[in-house]
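J.: The following block contains the structure, expressed as structure tokens.
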Amino acid sequence: MTLHLKKAELHCHIEGATPPELALRQARKYGVDTSAIIRDKAYVWDDFTSFVRCYDAVASLFRTEGDYALLAEAYLTELAEAGTIYSEIIVSPDHGNTVGLGADAYIEGLAAGMDAARAKTGIESRMLITGIRHLGPEAVIRTAEYAARLRHPLVTGFNLAGEERMHSVAEFARAFDIVRDADLGLTIHAGELSGAFSVRDALDHVRPARISHGVRAIEDEDLVKRLADEGVVLEVCPGSNISLKVFPDFASHPLKALYTAGVRVTLNSDDPPFFHTSLAQEYDIASTVMGFEDSEINGMTRTAIEAAFVDEATRQRLLATL
Ligand SMILES: Nc1ncnc2[nH]cnc12
Ligand SMILES: [Zn+2]
């Protein structure tokens with residue numbers, strides 16, 4: 001068990017962190033029928049396409065600043081109770097726009113929840129704005145322009161999530177140029193639904209400090225060596241990968257092989273209740289199923305803080321608590 005270990009997380013989609021019980025409360029508040037997306041207090045989906053449909057339906061249950069503040073505070077408080085000192089949440093102003101809340105109120109609501117969680121527990125957190133790949137390059141450029149002009153102290157990075165099998169990475173290079181110029185940290189979903197080529201494309205066209213997932217780099221030995229040599233950090237989400245059938249089981253998950261090859265890896269939960277996991281459970285699996293020593297897991301937590309999109313004073317303060 002790893003309850004005694006400090007933890008840090010770089011990769012959790014905030015709407016994807018909604019516990020089904022909270023989704024049901026929100027649905028009652030807005031009079032929404034959830035029978036197609038929640039059964040027996042569990043989310044209903046069976047492949048990536050139906051997962052995204054379910055995710056979007058859950059997101060549509062958050063409609064005010066207060067709703068988003070509640071979600072962020074609840075998630076971060078749960079993390080803090082499990083020993084987490086730092087969390088980056090992936091946020092999607094497109095979802096705020098879809099429900100008519102607007103991007104600014106969406107961000108302010110989340111920021112209020114983050115502030116409340118820090119006041120209560122001490123947990124430090126930041127937001128990474130994400131573009132949604134299946135909405136296409138033009139929509140992602142608009143989201144990148146929004147992220148670049150926002151200059152919110154808690155928004156420190158940019159990601160690209162969504163259906164990885166749609167469009168080429170090169171089509172999103174312009175969006176990433178915009179946010180790089182605004183000094184936001186860069187990470188991109190790759191090597192999850194698509195193979196090693198998508199990780200190589202991400203490195204070539206985006207030049208990110210980190211890759212969201214990246215685990216299918218294991219299909220290409222030269223690429224694994226390149227990741228290790230260049231010190232690119234992978235945000236690995238083992239439970240998500242098994243749930244989405246990227247790998248059949250934990251025994252065939254490449255976390256250990258990547259770690260042994262010298263790739264800088266971190267532990268993350270992605271969309272925890274959708275994948276029947278939590279950050280604490282990912283740490284436990286690394287320990288009891290994948291056989292990592294406590295010292296090795298602490299090393300991954302240290303890697304997460306080293307790769308966090310925070311100012312140097314905050315990074316040093318967090319490192320000192322490990
Ligand atoms: N695992 C995942 N991959 C890509 N996009 C996502 N959006 C939310 N979860 C995601
Ligand atoms: Zn993700």
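Each chain in the structure tokens gets a letter, A, B and so on, in the order shown; residues start at 1 in every chain, and ligands are counted from 1 in the order they appear.
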Throw together the list of residues within 8 Å of ligand 1, counting only C-alpha atoms and all ligand atoms, and drop it here as a VMD selection string.

T.: chain A and resid 12 to 13 16 48 52 55 132 160 to 164 189 192 to 193 240 to 241 244 270 to 271

J.: Counting only C-alpha atoms, figure out which residue out of A:Asn159, A:Thr121, A:Thr277, A:Ser194 gets nearest to Val246 of chain A.

T.: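 Under the stated criterion, the closest residue is A:Ser194.
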
J.: Identify which of the residues A:Ala257, A:Leu70, A:Ala304, A:Leu10 lies closest to ligand 2, counting only C-alpha atoms and all ligand atoms when measuring atom-to-atom distances.

T.: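 Looking only at the distances to ligand 2, the closest residue turns out to be A:Leu10.
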
J.: Considering only C-alpha atoms, return as a VMD selection string whatever protein or nucleic-acid residues lie within 7 Å of Thr187 of chain A, sequence-local ones (same chain, fewer than 2 positions apart) excluded.

T.: chain A and resid 158 to 159 185 208 to 212

J.: Please provide as a PyMOL selection string all residues within 10 Å of segment 28-43 of chain A, with the sequence filter that same-chain residues fewer than 4 positions apart are discarded (counting only C-alpha atoms).

T.: chain A and resi 19-24+50-51+53-55+57-58+60-63+273-276

J.: Could you state the separation of atom CA of Thr2 of chain A and atom CA of Glu235 of chain A in Å, given to one decimal place?

T.: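 One can read the atom CA of Thr2 of chain A to atom CA of Glu235 of chain A distance as 19.0 Å.
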
J.: What's around Leu76 of chain A at 8 Å? Count only C-alpha atoms, leave out sequence neighbours fewer than 4 positions away in its own chain, and write the answer as a PyMOL selection string.

T.: chain A and resi 72+80+87+114+117+123

J.: Put those residues in a file: N, CA, C and O atoms, as a PDB file, in the first residue's frame.

T.:
ATOM      1  N   ALA A  72     -13.883  21.115  -8.706  1.00  0.00           N
ATOM      2  CA  ALA A  72     -12.436  21.217  -8.483  1.00  0.00           C
ATOM      3  C   ALA A  72     -12.108  21.035  -7.004  1.00  0.00           C
ATOM      4  O   ALA A  72     -11.168  20.309  -6.651  1.00  0.00           O
ATOM      5  N   ALA A  80      -5.738  15.405  -1.852  1.00  0.00           N
ATOM      6  CA  ALA A  80      -4.933  15.808  -0.693  1.00  0.00           C
ATOM      7  C   ALA A  80      -5.051  14.770   0.423  1.00  0.00           C
ATOM      8  O   ALA A  80      -4.064  14.446   1.095  1.00  0.00           O
ATOM      9  N   SER A  87      -1.207  18.913  -8.143  1.00  0.00           N
ATOM     10  CA  SER A  87      -2.058  18.350  -9.195  1.00  0.00           C
ATOM     11  C   SER A  87      -2.207  19.327 -10.349  1.00  0.00           C
ATOM     12  O   SER A  87      -2.447  20.517 -10.127  1.00  0.00           O
ATOM     13  N   MET A 114      -9.978  25.572  -6.750  1.00  0.00           N
ATOM     14  CA  MET A 114      -8.564  25.281  -6.481  1.00  0.00           C
ATOM     15  C   MET A 114      -8.075  26.078  -5.275  1.00  0.00           C
ATOM     16  O   MET A 114      -7.358  25.561  -4.410  1.00  0.00           O
ATOM     17  N   ALA A 117      -9.518  24.548  -2.131  1.00  0.00           N
ATOM     18  CA  ALA A 117      -8.843  23.290  -1.762  1.00  0.00           C
ATOM     19  C   ALA A 117      -7.468  23.577  -1.154  1.00  0.00           C
ATOM     20  O   ALA A 117      -7.062  22.935  -0.179  1.00  0.00           O
ATOM     21  N   ILE A 123      -2.967  21.707  -0.752  1.00  0.00           N
ATOM     22  CA  ILE A 123      -2.605  21.147  -2.064  1.00  0.00           C
ATOM     23  C   ILE A 123      -2.420  22.268  -3.093  1.00  0.00           C
ATOM     24  O   ILE A 123      -3.223  23.199  -3.186  1.00  0.00           O
TER      25      ILE A 123
END

J.: Just the helix (DSSP H, G or I) stuff from segment 53-141 of chain A, please, per backbone DSSP, written as a count of residues only.

T.: 57

J.: Rank A:Ala74, A:Leu135, A:Ile85, A:Ile107 by their smallest atom-to-atom distance to Met166 of chain A, using only C-alpha atoms, and report the top residue only.

T.: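 Distance minimum relative to Met166 of chain A lands on A:Leu135.
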
J.: Got a sec: who's within 9 Å of Glu138 of chain A, counting only C-alpha atoms, leaving out chain neighbours fewer than 5 positions off, as a PyMOL selection string?

T.: chain A and resi 143+172+175

J.: Which polymer residues have any atom within 8 Å of an atom of Gly102 of chain A, counting only C-alpha atoms, with same-chain residues fewer than 5 positions away left out, as a list of chain:residue names?

T.: A:Pro93, A:Gly96, A:Asn97

J.: Of the candidates A:Met1, A:Ala116, A:Ala173, A:Ile188, which shows the shortest atom-to-atom distance to ligand 2, using only C-alpha atoms and all ligand atoms?

T.: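 Residue with the minimum atom-to-atom distance to ligand 2: A:Ile188.
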
J.: Report the distance between atom CA of His213 of chain A and atom CA of Ala196 of chain A in Å, rounded to one decimal place.

T.: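 Between these atoms lies a distance of 11.2 Å.
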
J.: Taking into account only C-alpha atoms, which residue in the set A:Val169, A:Leu101, A:Ala144, A:Ala308 is nearest to Ile89 of chain A?

T.: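 Checking each candidate against Ile89 of chain A, we get A:Ala308 as the closest.
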
J.: I need the residues in segment 13-227 of chain A that are strand (DSSP E or B) according to DSSP; give them as a VMD selection string.

T.: chain A and resid 13 38 to 39 42 to 43 84 to 91 124 to 132 155 to 161 185 to 190 210 to 213

J.: Between A:Ala320, A:Ile129, A:Leu258, A:Leu71, which one has atoms that come closest to His11 of chain A, using only C-alpha atoms?

T.: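 Going through A:Ala320, A:Ile129, A:Leu258, A:Leu71 one by one, the smallest distance to His11 of chain A is for A:Ile129.
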